[in-house]
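Okay, final26.cif now, which holds mmCIF, C-alpha atoms and all ligand atoms:
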```cif
data_final
loop_
_atom_site.group_PDB
_atom_site.id
_atom_site.type_symbol
_atom_site.label_atom_id
_atom_site.label_comp_id
_atom_site.auth_asym_id
_atom_site.auth_seq_id
_atom_site.Cartn_x
_atom_site.Cartn_y
_atom_site.Cartn_z
ATOM 1 C CA MET A 1428 -18.241 7.812 33.162
ATOM 2 C CA LYS A 1429 -16.995 4.792 35.091
ATOM 3 C CA ASP A 1430 -15.043 5.247 38.312
ATOM 4 C CA TYR A 1431 -11.949 3.391 37.142
ATOM 5 C CA TYR A 1432 -10.501 0.867 34.685
ATOM 6 C CA VAL A 1433 -10.033 -2.839 35.434
ATOM 7 C CA ILE A 1434 -7.829 -5.473 33.820
ATOM 8 C CA ILE A 1435 -8.909 -9.024 34.657
ATOM 9 C CA ASP A 1436 -6.238 -11.747 34.738
ATOM 10 C CA CYS A 1437 -7.841 -15.179 34.991
ATOM 11 C CA ASP A 1438 -7.779 -18.909 34.232
ATOM 12 C CA PRO A 1439 -11.406 -19.715 33.287
ATOM 13 C CA GLY A 1440 -12.513 -21.876 35.016
ATOM 14 C CA ILE A 1441 -16.094 -21.972 36.218
ATOM 15 C CA ASP A 1442 -15.838 -19.523 39.079
ATOM 16 C CA ASP A 1443 -13.724 -17.233 36.857
ATOM 17 C CA ALA A 1444 -16.637 -17.297 34.395
ATOM 18 C CA MET A 1445 -19.160 -16.130 36.996
ATOM 19 C CA ALA A 1446 -16.681 -13.486 38.236
ATOM 20 C CA ILE A 1447 -16.259 -12.107 34.706
ATOM 21 C CA MET A 1448 -20.059 -11.969 34.304
ATOM 22 C CA ASN A 1449 -20.269 -9.893 37.496
ATOM 23 C CA ALA A 1450 -17.379 -7.596 36.570
ATOM 24 C CA VAL A 1451 -18.673 -6.750 33.085
ATOM 25 C CA ASN A 1452 -22.116 -6.002 34.549
ATOM 26 C CA SER A 1453 -20.791 -3.700 37.290
ATOM 27 C CA GLU A 1454 -21.893 -0.076 36.831
ATOM 28 C CA ASN A 1455 -18.828 1.487 38.464
ATOM 29 C CA ILE A 1456 -15.992 -0.146 36.517
ATOM 30 C CA GLU A 1457 -14.862 -0.474 32.912
ATOM 31 C CA VAL A 1458 -13.127 -3.761 32.032
ATOM 32 C CA LYS A 1459 -10.459 -2.917 29.428
ATOM 33 C CA LEU A 1460 -8.839 -6.357 28.981
ATOM 34 C CA ILE A 1461 -9.336 -10.002 29.927
ATOM 35 C CA SER A 1462 -5.850 -11.499 30.204
ATOM 36 C CA THR A 1463 -5.560 -15.268 30.544
ATOM 37 C CA VAL A 1464 -3.062 -17.523 32.251
ATOM 38 C CA SER A 1465 -2.595 -21.282 32.527
ATOM 39 C CA GLY A 1466 -3.836 -22.613 35.855
ATOM 40 C CA ASN A 1467 -7.110 -24.481 36.030
ATOM 41 C CA LEU A 1468 -6.346 -25.698 32.519
ATOM 42 C CA THR A 1469 -3.726 -25.168 29.814
ATOM 43 C CA ILE A 1470 -3.405 -21.696 28.281
ATOM 44 C CA GLU A 1471 -5.012 -23.023 25.081
ATOM 45 C CA GLU A 1472 -8.159 -23.915 27.042
ATOM 46 C CA THR A 1473 -8.274 -20.794 29.234
ATOM 47 C CA VAL A 1474 -7.923 -18.455 26.217
ATOM 48 C CA LYS A 1475 -10.654 -20.312 24.322
ATOM 49 C CA ASN A 1476 -12.941 -20.257 27.375
ATOM 50 C CA ALA A 1477 -12.377 -16.516 27.901
ATOM 51 C CA LEU A 1478 -13.115 -15.768 24.225
ATOM 52 C CA LYS A 1479 -16.319 -17.806 24.410
ATOM 53 C CA LEU A 1480 -17.355 -16.053 27.634
ATOM 54 C CA THR A 1481 -17.103 -12.589 25.982
ATOM 55 C CA GLU A 1482 -19.531 -13.898 23.348
ATOM 56 C CA ILE A 1483 -21.908 -15.361 25.939
ATOM 57 C CA PHE A 1484 -21.834 -12.153 28.029
ATOM 58 C CA LYS A 1485 -22.191 -10.045 24.858
ATOM 59 C CA VAL A 1486 -19.208 -7.780 25.563
ATOM 60 C CA ASP A 1487 -16.577 -6.442 23.177
ATOM 61 C CA ILE A 1488 -13.539 -6.765 25.454
ATOM 62 C CA PRO A 1489 -10.159 -7.936 24.127
ATOM 63 C CA VAL A 1490 -8.874 -11.288 25.383
ATOM 64 C CA ALA A 1491 -5.109 -11.848 25.552
ATOM 65 C CA GLU A 1492 -3.201 -15.101 25.783
ATOM 66 C CA GLY A 1493 -0.710 -15.175 28.679
ATOM 67 C CA ALA A 1494 1.763 -17.462 30.415
ATOM 68 C CA ARG A 1495 1.588 -21.153 29.632
ATOM 69 C CA GLN A 1496 3.421 -22.239 32.822
ATOM 70 C CA PRO A 1497 4.562 -20.862 36.216
ATOM 71 C CA VAL A 1498 7.695 -18.681 36.485
ATOM 72 C CA LYS A 1499 9.737 -21.636 37.793
ATOM 73 C CA ARG A 1500 7.583 -24.685 38.492
ATOM 74 C CA GLN A 1501 5.874 -27.160 36.209
ATOM 75 C CA SER A 1502 2.118 -26.745 35.667
ATOM 76 C CA VAL A 1503 -0.262 -28.786 37.819
ATOM 77 C CA TYR A 1504 -3.800 -28.242 36.474
ATOM 78 C CA ALA A 1505 -7.143 -28.394 38.332
ATOM 79 C CA SER A 1506 -9.288 -30.272 35.827
ATOM 80 C CA MET A 1507 -10.536 -32.542 38.663
ATOM 81 C CA ALA A 1508 -12.552 -29.586 39.973
ATOM 82 C CA GLN A 1509 -13.213 -27.644 36.762
ATOM 83 C CA GLY A 1510 -13.828 -30.401 34.229
ATOM 84 C CA THR A 1511 -11.544 -31.497 31.394
ATOM 85 C CA LYS A 1512 -12.211 -28.309 29.402
ATOM 86 C CA GLY A 1513 -12.505 -26.037 32.427
ATOM 87 C CA MET A 1514 -16.204 -25.326 31.958
ATOM 88 C CA GLY A 1515 -17.650 -28.235 33.934
ATOM 89 C CA GLY A 1516 -20.517 -29.786 32.026
ATOM 90 C CA TYR A 1517 -20.831 -26.932 29.519
ATOM 91 C CA THR A 1518 -19.421 -27.709 26.084
ATOM 92 C CA PHE A 1519 -19.387 -25.147 23.328
ATOM 93 C CA SER A 1520 -18.277 -24.656 19.732
ATOM 94 C CA THR A 1521 -15.032 -22.840 18.903
ATOM 95 C CA PRO A 1522 -15.415 -19.120 19.570
ATOM 96 C CA LYS A 1523 -15.496 -16.780 16.566
ATOM 97 C CA THR A 1524 -13.516 -14.050 18.339
ATOM 98 C CA LYS A 1525 -9.720 -14.035 18.009
ATOM 99 C CA PRO A 1526 -7.220 -13.224 20.799
ATOM 100 C CA PHE A 1527 -5.783 -9.697 21.137
ATOM 101 C CA ILE A 1528 -2.782 -8.813 18.957
ATOM 102 C CA TYR A 1529 -0.458 -8.732 21.964
ATOM 103 C CA LYS A 1530 0.049 -11.514 24.491
ATOM 104 C CA SER A 1531 0.334 -10.868 28.258
ATOM 105 C CA PRO A 1532 2.256 -9.344 29.909
ATOM 106 C CA ASP A 1533 2.642 -6.989 26.859
ATOM 107 C CA ALA A 1534 -1.161 -6.754 26.520
ATOM 108 C CA ILE A 1535 -1.543 -5.724 30.168
ATOM 109 C CA TYR A 1536 1.227 -3.122 29.800
ATOM 110 C CA PHE A 1537 -0.414 -1.773 26.612
ATOM 111 C CA PHE A 1538 -3.657 -1.008 28.461
ATOM 112 C CA LEU A 1539 -1.898 0.303 31.561
ATOM 113 C CA LYS A 1540 -0.009 2.829 29.400
ATOM 114 C CA GLU A 1541 -3.269 3.746 27.639
ATOM 115 C CA ASN A 1542 -4.781 4.989 30.912
ATOM 116 C CA PRO A 1543 -3.188 8.372 31.705
ATOM 117 C CA ALA A 1544 -5.000 8.633 35.015
ATOM 118 C CA LYS A 1545 -3.095 5.557 36.141
ATOM 119 C CA ASN A 1546 -6.171 4.394 38.074
ATOM 120 C CA THR A 1547 -6.258 0.846 36.800
ATOM 121 C CA THR A 1548 -7.089 -2.003 39.161
ATOM 122 C CA LEU A 1549 -5.817 -5.515 38.418
ATOM 123 C CA LEU A 1550 -8.421 -8.164 39.272
ATOM 124 C CA CYS A 1551 -6.443 -11.425 39.593
ATOM 125 C CA LEU A 1552 -8.509 -14.609 39.566
ATOM 126 C CA GLY A 1553 -5.795 -17.165 38.810
ATOM 127 C CA PRO A 1554 -2.090 -17.757 39.411
ATOM 128 C CA MET A 1555 -0.176 -14.448 39.300
ATOM 129 C CA THR A 1556 2.339 -15.558 36.674
ATOM 130 C CA ASN A 1557 1.393 -12.828 34.152
ATOM 131 C CA ILE A 1558 1.647 -10.104 36.796
ATOM 132 C CA ALA A 1559 5.080 -11.301 37.917
ATOM 133 C CA ASN A 1560 6.230 -11.349 34.275
ATOM 134 C CA LEU A 1561 4.775 -7.843 33.768
ATOM 135 C CA LEU A 1562 6.653 -6.406 36.769
ATOM 136 C CA THR A 1563 9.885 -8.116 35.697
ATOM 137 C CA LYS A 1564 9.713 -7.036 32.039
ATOM 138 C CA TYR A 1565 8.282 -3.536 32.673
ATOM 139 C CA PRO A 1566 9.530 -2.231 36.069
ATOM 140 C CA ASP A 1567 7.590 1.028 35.609
ATOM 141 C CA ALA A 1568 4.291 -0.920 35.394
ATOM 142 C CA LYS A 1569 3.925 -0.832 39.183
ATOM 143 C CA ASN A 1570 3.468 2.954 38.994
ATOM 144 C CA LEU A 1571 0.532 2.505 36.602
ATOM 145 C CA ILE A 1572 -1.418 0.066 38.812
ATOM 146 C CA SER A 1573 -3.537 1.580 41.575
ATOM 147 C CA ARG A 1574 -4.138 -1.731 43.392
ATOM 148 C CA ILE A 1575 -4.299 -5.507 42.929
ATOM 149 C CA VAL A 1576 -7.433 -7.309 44.122
ATOM 150 C CA PHE A 1577 -6.704 -11.030 44.063
ATOM 151 C CA MET A 1578 -8.357 -14.333 44.917
ATOM 152 C CA GLY A 1579 -5.802 -16.467 46.676
ATOM 153 C CA GLY A 1580 -4.388 -17.937 49.838
ATOM 154 C CA SER A 1581 -5.897 -18.654 53.202
ATOM 155 C CA LYS A 1582 -6.457 -16.131 55.995
ATOM 156 C CA ASP A 1583 -6.943 -18.750 58.676
ATOM 157 C CA GLU A 1584 -4.254 -17.837 61.178
ATOM 158 C CA ASN A 1585 -5.106 -20.941 63.203
ATOM 159 C CA GLY A 1586 -3.989 -23.140 60.337
ATOM 160 C CA MET A 1587 -7.292 -24.955 60.404
ATOM 161 C CA THR A 1588 -7.675 -24.498 56.673
ATOM 162 C CA GLU A 1589 -4.850 -26.232 54.830
ATOM 163 C CA PRO A 1590 -3.336 -22.963 53.511
ATOM 164 C CA TYR A 1591 -1.149 -24.755 50.995
ATOM 165 C CA ARG A 1592 -4.277 -26.127 49.364
ATOM 166 C CA GLU A 1593 -5.304 -22.834 47.803
ATOM 167 C CA PHE A 1594 -4.726 -23.476 44.094
ATOM 168 C CA ASN A 1595 -3.791 -20.024 42.684
ATOM 169 C CA VAL A 1596 -0.917 -19.527 45.111
ATOM 170 C CA ALA A 1597 0.177 -23.189 45.175
ATOM 171 C CA TYR A 1598 0.387 -23.174 41.352
ATOM 172 C CA ASP A 1599 2.893 -20.302 41.276
ATOM 173 C CA PRO A 1600 4.057 -19.128 44.727
ATOM 174 C CA GLU A 1601 7.244 -17.584 43.327
ATOM 175 C CA ALA A 1602 5.177 -15.312 41.079
ATOM 176 C CA THR A 1603 2.959 -14.355 44.020
ATOM 177 C CA GLN A 1604 5.979 -13.244 46.070
ATOM 178 C CA ILE A 1605 7.288 -11.137 43.158
ATOM 179 C CA VAL A 1606 3.936 -9.344 43.150
ATOM 180 C CA PHE A 1607 3.991 -8.843 46.933
ATOM 181 C CA ASP A 1608 7.534 -7.412 46.679
ATOM 182 C CA SER A 1609 6.293 -4.679 44.296
ATOM 183 C CA ASN A 1610 4.532 -2.826 47.165
ATOM 184 C CA ILE A 1611 1.457 -2.268 44.977
ATOM 185 C CA PRO A 1612 -1.563 -1.949 47.316
ATOM 186 C CA LEU A 1613 -3.083 -5.421 47.792
ATOM 187 C CA VAL A 1614 -6.572 -6.682 48.591
ATOM 188 C CA MET A 1615 -6.628 -10.417 49.342
ATOM 189 C CA VAL A 1616 -9.796 -12.477 48.970
ATOM 190 C CA PRO A 1617 -8.922 -15.820 50.612
ATOM 191 C CA MET A 1618 -10.437 -19.200 49.984
ATOM 192 C CA GLU A 1619 -12.386 -19.187 53.250
ATOM 193 C CA LEU A 1620 -14.876 -16.784 51.647
ATOM 194 C CA GLY A 1621 -15.605 -19.365 48.962
ATOM 195 C CA HIS A 1622 -16.310 -21.841 51.761
ATOM 196 C CA ILE A 1623 -19.330 -19.753 52.787
ATOM 197 C CA ALA A 1624 -20.146 -18.119 49.423
ATOM 198 C CA TYR A 1625 -21.473 -21.067 47.468
ATOM 199 C CA PHE A 1626 -24.677 -21.832 45.579
ATOM 200 C CA THR A 1627 -26.649 -24.802 46.881
ATOM 201 C CA PRO A 1628 -28.235 -27.199 44.373
ATOM 202 C CA GLU A 1629 -31.603 -25.440 44.939
ATOM 203 C CA GLU A 1630 -30.039 -22.037 44.202
ATOM 204 C CA GLN A 1631 -28.369 -23.502 41.125
ATOM 205 C CA GLY A 1632 -31.874 -24.462 39.976
ATOM 206 C CA LYS A 1633 -32.935 -20.816 40.399
ATOM 207 C CA ILE A 1634 -29.931 -19.761 38.285
ATOM 208 C CA LYS A 1635 -30.903 -22.270 35.594
ATOM 209 C CA ARG A 1636 -34.473 -20.938 35.390
ATOM 210 C CA ALA A 1637 -33.298 -17.298 35.038
ATOM 211 C CA ASN A 1638 -32.359 -17.284 31.333
ATOM 212 C CA ALA A 1639 -30.019 -18.801 28.707
ATOM 213 C CA VAL A 1640 -26.912 -17.546 30.522
ATOM 214 C CA GLY A 1641 -28.199 -19.064 33.759
ATOM 215 C CA GLU A 1642 -28.675 -22.347 31.951
ATOM 216 C CA ILE A 1643 -25.025 -22.237 30.851
ATOM 217 C CA PHE A 1644 -23.913 -21.657 34.446
ATOM 218 C CA TYR A 1645 -26.104 -24.538 35.557
ATOM 219 C CA LYS A 1646 -24.341 -26.837 33.097
ATOM 220 C CA MET A 1647 -20.979 -25.561 34.349
ATOM 221 C CA PHE A 1648 -21.967 -26.186 37.985
ATOM 222 C CA SER A 1649 -23.327 -29.647 37.167
ATOM 223 C CA LYS A 1650 -19.797 -31.054 37.265
ATOM 224 C CA TYR A 1651 -18.200 -28.464 39.526
ATOM 225 C CA ASN A 1652 -17.286 -30.506 42.548
ATOM 226 C CA ASP A 1653 -15.389 -27.935 44.569
ATOM 227 C CA PHE A 1654 -13.406 -30.148 46.882
ATOM 228 C CA HIS A 1655 -12.994 -27.297 49.413
ATOM 229 C CA VAL A 1656 -16.743 -27.278 50.070
ATOM 230 C CA GLY A 1657 -17.392 -30.894 49.203
ATOM 231 C CA LYS A 1658 -20.767 -31.577 47.633
ATOM 232 C CA LEU A 1659 -22.559 -28.731 49.411
ATOM 233 C CA GLY A 1660 -22.581 -26.662 46.249
ATOM 234 C CA ALA A 1661 -20.582 -24.487 43.892
ATOM 235 C CA ALA A 1662 -18.055 -22.292 45.697
ATOM 236 C CA VAL A 1663 -17.743 -19.068 43.713
ATOM 237 C CA HIS A 1664 -14.333 -17.970 45.027
ATOM 238 C CA ASP A 1665 -13.559 -15.661 42.111
ATOM 239 C CA SER A 1666 -16.946 -13.935 42.241
ATOM 240 C CA CYS A 1667 -16.187 -12.857 45.817
ATOM 241 C CA CYS A 1668 -13.131 -11.138 44.349
ATOM 242 C CA ALA A 1669 -15.061 -9.433 41.533
ATOM 243 C CA LEU A 1670 -17.756 -8.220 43.924
ATOM 244 C CA TYR A 1671 -15.140 -6.489 46.060
ATOM 245 C CA LEU A 1672 -14.790 -4.039 43.141
ATOM 246 C CA SER A 1673 -18.507 -3.337 42.758
ATOM 247 C CA ASN A 1674 -19.715 -3.762 46.348
ATOM 248 C CA PRO A 1675 -16.909 -3.485 48.910
ATOM 249 C CA GLU A 1676 -19.529 -2.645 51.552
ATOM 250 C CA ILE A 1677 -20.661 -6.303 51.754
ATOM 251 C CA PHE A 1678 -17.224 -7.371 53.038
ATOM 252 C CA ARG A 1679 -15.594 -7.173 56.448
ATOM 253 C CA THR A 1680 -11.829 -6.594 56.143
ATOM 254 C CA GLU A 1681 -8.773 -6.517 58.376
ATOM 255 C CA GLU A 1682 -5.220 -5.322 57.683
ATOM 256 C CA ALA A 1683 -2.384 -7.865 57.742
ATOM 257 C CA PHE A 1684 1.164 -8.538 56.620
ATOM 258 C CA ILE A 1685 1.168 -11.251 53.942
ATOM 259 C CA LYS A 1686 4.118 -13.144 52.490
ATOM 260 C CA ILE A 1687 4.815 -16.503 50.898
ATOM 261 C CA ASP A 1688 5.987 -19.350 53.132
ATOM 262 C CA TYR A 1689 6.721 -22.909 52.075
ATOM 263 C CA HIS A 1690 5.488 -26.197 53.503
ATOM 264 C CA LYS A 1691 7.255 -29.453 52.745
ATOM 265 C CA GLN A 1692 5.100 -32.566 52.516
ATOM 266 C CA LYS A 1693 5.898 -35.952 50.933
ATOM 267 C CA GLY A 1694 8.848 -34.555 48.970
ATOM 268 C CA GLN A 1695 6.727 -31.677 47.648
ATOM 269 C CA GLU A 1696 7.318 -28.022 48.576
ATOM 270 C CA TYR A 1697 3.986 -26.145 48.687
ATOM 271 C CA GLY A 1698 3.919 -22.360 48.654
ATOM 272 C CA PHE A 1699 1.181 -20.631 50.640
ATOM 273 C CA ILE A 1700 0.344 -17.197 52.005
ATOM 274 C CA ASN A 1701 1.328 -16.524 55.609
ATOM 275 C CA CYS A 1702 -1.259 -13.998 56.795
ATOM 276 C CA ASN A 1703 -0.203 -12.140 59.970
ATOM 277 C CA PHE A 1704 -2.897 -9.890 61.421
ATOM 278 C CA ASP A 1705 -0.688 -8.998 64.423
ATOM 279 C CA ALA A 1706 2.283 -7.723 62.421
ATOM 280 C CA GLU A 1707 3.412 -4.148 63.147
ATOM 281 C CA ASN A 1708 3.712 -3.252 59.454
ATOM 282 C CA LYS A 1709 0.791 -4.312 57.294
ATOM 283 C CA ASN A 1710 0.879 -4.627 53.495
ATOM 284 C CA ALA A 1711 -2.584 -5.914 52.592
ATOM 285 C CA THR A 1712 -6.293 -5.538 53.195
ATOM 286 C CA VAL A 1713 -7.692 -9.034 53.784
ATOM 287 C CA CYS A 1714 -11.380 -9.859 53.324
ATOM 288 C CA VAL A 1715 -12.352 -11.903 56.364
ATOM 289 C CA ASP A 1716 -16.110 -12.138 55.893
ATOM 290 C CA ILE A 1717 -18.853 -11.459 53.331
ATOM 291 C CA ASP A 1718 -22.604 -10.915 53.529
ATOM 292 C CA VAL A 1719 -23.529 -14.024 51.527
ATOM 293 C CA GLU A 1720 -27.198 -13.140 51.066
ATOM 294 C CA LYS A 1721 -26.328 -9.696 49.683
ATOM 295 C CA MET A 1722 -23.648 -11.297 47.474
ATOM 296 C CA LYS A 1723 -26.161 -13.714 45.948
ATOM 297 C CA LYS A 1724 -28.713 -10.925 45.403
ATOM 298 C CA ILE A 1725 -26.116 -8.899 43.477
ATOM 299 C CA ILE A 1726 -25.145 -11.920 41.366
ATOM 300 C CA TYR A 1727 -28.791 -12.713 40.570
ATOM 301 C CA GLY A 1728 -29.269 -9.058 39.607
ATOM 302 C CA ASN A 1729 -26.309 -9.177 37.217
ATOM 303 C CA LEU A 1730 -27.556 -12.476 35.759
ATOM 304 C CA PHE A 1731 -31.063 -11.059 35.175
ATOM 305 C CA ASN A 1732 -29.473 -8.450 32.862
ATOM 306 C CA TYR A 1733 -29.521 -11.253 30.276
ATOM 307 C CA ASN A 1734 -33.306 -11.744 30.430
HETATM 308 O O1 LIG B 1801 -8.571 -21.874 44.932
HETATM 309 C C1 LIG B 1801 -9.559 -21.309 44.105
HETATM 310 C C2 LIG B 1801 -8.956 -20.709 42.871
HETATM 311 O O2 LIG B 1801 -8.342 -21.722 42.081
HETATM 312 C C3 LIG B 1801 -10.023 -20.073 41.950
HETATM 313 O O3 LIG B 1801 -9.483 -18.961 41.283
HETATM 314 C C4 LIG B 1801 -10.333 -21.178 40.968
HETATM 315 O O4 LIG B 1801 -10.763 -20.674 39.687
HETATM 316 C C5 LIG B 1801 -8.982 -21.813 40.810
HETATM 317 O O5 LIG B 1801 -8.268 -21.062 39.847
HETATM 318 CA CA CA B 1802 -9.583 -18.855 38.853
#
```

Same coordinates, now as structure tokens:
Amino acid sequence: MKDYYVIIDCDPGIDDAMAIMNAVNSENIEVKLISTVSGNLTIEETVKNALKLTEIFKVDIPVAEGARQPVKRQSVYASMAQGTKGMGGYTFSTPKTKPFIYKSPDAIYFFLKENPAKNTTLLCLGPMTNIANLLTKYPDAKNLISRIVFMGGSKDENGMTEPYREFNVAYDPEATQIVFDSNIPLVMVPMELGHIAYFTPEEQGKIKRANAVGEIFYKMFSKYNDFHVGKLGAAVHDSCCALYLSNPEIFRTEEAFIKIDYHKQKGQEYGFINCNFDAENKNATVCVDIDVEKMKKIIYGNLFNYN
């Protein structure tokens, strides 16, 4: 019996792919749905990538198509970091599996209602457009979600990290604020963790030599130039988020009040997360550090399941 259910909402995406591999190999959770959203790529690409990933990871988990653009803004994709198809240098044939009968947010609501214990965690690895649409269309959904663990934003209260550069929030800040306004318990995994949790080229070689799945990741990483970390290696932001579910003990966290602020630059208005650790009332647990060596050991262990 697993501890609790998880619904993953993602925009695969190379680091989404590794996060999904970790989540579906975690002993303590049961992934009920992989919901997709446009973000790194168009919704057509992210759905196809998610379907293919369930085949690669040999799991029978429904994949739902979700929002094709932000709640208000126009889409601005991240193919410069993820590759034109969102899987870096890995190209694959059309997946055999078909998307779930319902699209998100209906698909998410379907599985939330299916879980009477109401102990479903949302693992959000992309823009939060689907979650905002879920809360708007189904106001009672917030009572069926135990917490939202999301990759997004910047914790750096000194402003040293350009907070408006974090993609998931910048893509749909209005959706992110709708989610924050729901008062669902939040765990934030900011981009600074990806700045330290990355695989060096040597470690990517170790991943390649593991097995066929490792070889696929190696091809993905081959073109994954994560501009946050430069050419040091592949920053696995989303995996940090997934590992919070299976191994929260490898993180250091602090409580904070988080909200969306806007930054105007060159005629553009960027949305970013203002993270206040000194606020009197806190609304989120923020991951401020991770044991990188333990993180990598857990990921290798999950990868070796495919030997
Ligand atoms: O800023 C990093 C986030 O943006 C990750 O979720 C990555 O997959 C991209 O979606
Ligand atoms: Ca992502």

(request) Kindly compile the residues surrounding ligand CA 1802 (chain B) within 12 Å, counting all atoms listed in the file, and format them as JSON, numbers by chain. (result) {"A": [1435, 1436, 1437, 1438, 1439, 1440, 1441, 1442, 1443, 1444, 1445, 1446, 1447, 1462, 1463, 1464, 1465, 1466, 1467, 1468, 1473, 1477, 1504, 1505, 1506, 1508, 1509, 1513, 1514, 1550, 1551, 1552, 1553, 1554, 1555, 1577, 1578, 1579, 1593, 1594, 1595, 1596, 1598, 1616, 1618, 1621, 1662, 1663, 1664, 1665, 1666, 1667, 1668, 1669]}

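Going from atom CA of Tyr1529 of chain A to atom CA of Thr1556 of chain A covers 16.5 Å.
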
(request) Just the residues within 6 Å of segment 1714-1726 of chain A, please, counting all atoms listed in the file, with nothing from its chain fewer than 6 positions along; format it as a PyMOL selection string. (result) chain A and resi 1616+1624+1677-1680

(request) Go through the shown structure with the PyMOL selection byres (((chain A and resi 1539-1542) around 12) and not hetatm) and write out the matching residues as a PyMOL selection string. (result) chain A and resi 1431-1434+1457-1460+1531-1538+1543-1549+1561+1565+1567-1573

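Using only C-alpha atoms, the nearest neighbour of Ala1639 of chain A within the list A:Ser1520, A:Leu1730, A:Lys1564, A:Val1490 is A:Leu1730.
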
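As for atom CA of Asp1705 of chain A and atom CA of Ile1611 of chain A, they are spaced 20.7 Å apart.
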
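In terms of minimum interatomic distance to Ala1602 of chain A, A:Asn1560 ranks closest within A:Gln1501, A:Ser1581, A:Thr1712, A:Asn1560, counting only C-alpha atoms.
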
(message) Would you pick out the contacts of Gly1515 of chain A at 6 Å or less, using all atoms listed in the file, so that residues sharing its chain but fewer than 4 positions from it are not included, and give the list as a ChimeraX atom specification?
(response) /A:1509-1510,1647,1650-1651

Those residues you just picked out, can you put them in a file as an mmCIF file, in the coordinates of the input with C-alpha atoms?
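Wrote it out as part_18.cif, contents follow:
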```
data_model
loop_
_atom_site.group_PDB
_atom_site.id
_atom_site.type_symbol
_atom_site.label_atom_id
_atom_site.label_comp_id
_atom_site.auth_asym_id
_atom_site.auth_seq_id
_atom_site.Cartn_x
_atom_site.Cartn_y
_atom_site.Cartn_z
ATOM 1 C CA GLN A 1509 -13.213 -27.644 36.762
ATOM 2 C CA GLY A 1510 -13.828 -30.401 34.229
ATOM 3 C CA MET A 1647 -20.979 -25.561 34.349
ATOM 4 C CA LYS A 1650 -19.797 -31.054 37.265
ATOM 5 C CA TYR A 1651 -18.200 -28.464 39.526
#
```

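With all atoms listed in the file as the atoms that count, the residue of A:Ala1683, A:Ala1597, A:Leu1670, A:Cys1702 with the shortest distance to ligand LIG 1801 (chain B) is A:Ala1597.
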
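Here the question is which of A:Ser1502, A:Gln1631, A:Ser1649, A:Asn1710 gets nearest to Asp1608 of chain A using only C-alpha atoms, and that residue is A:Asn1710.
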
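As for atom CA of Lys1709 of chain A and atom CA of Pro1675 of chain A, they are spaced 19.6 Å apart.
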
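When only C-alpha atoms and all ligand atoms are used to measure the gap to ligand LIG 1801 (chain B), the shortest distance among A:Gly1632, A:Pro1497, A:Pro1600, A:Pro1617 belongs to A:Pro1617.
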
(message) Please enumerate the residues selected by the PyMOL selection byres (((chain A and resi 1429) around 6) and not hetatm) when evaluated against the supplied file, formatted as a list in words.
(response) Met1428, Asp1430, Tyr1431, Asn1455 and Ile1456 of chain A
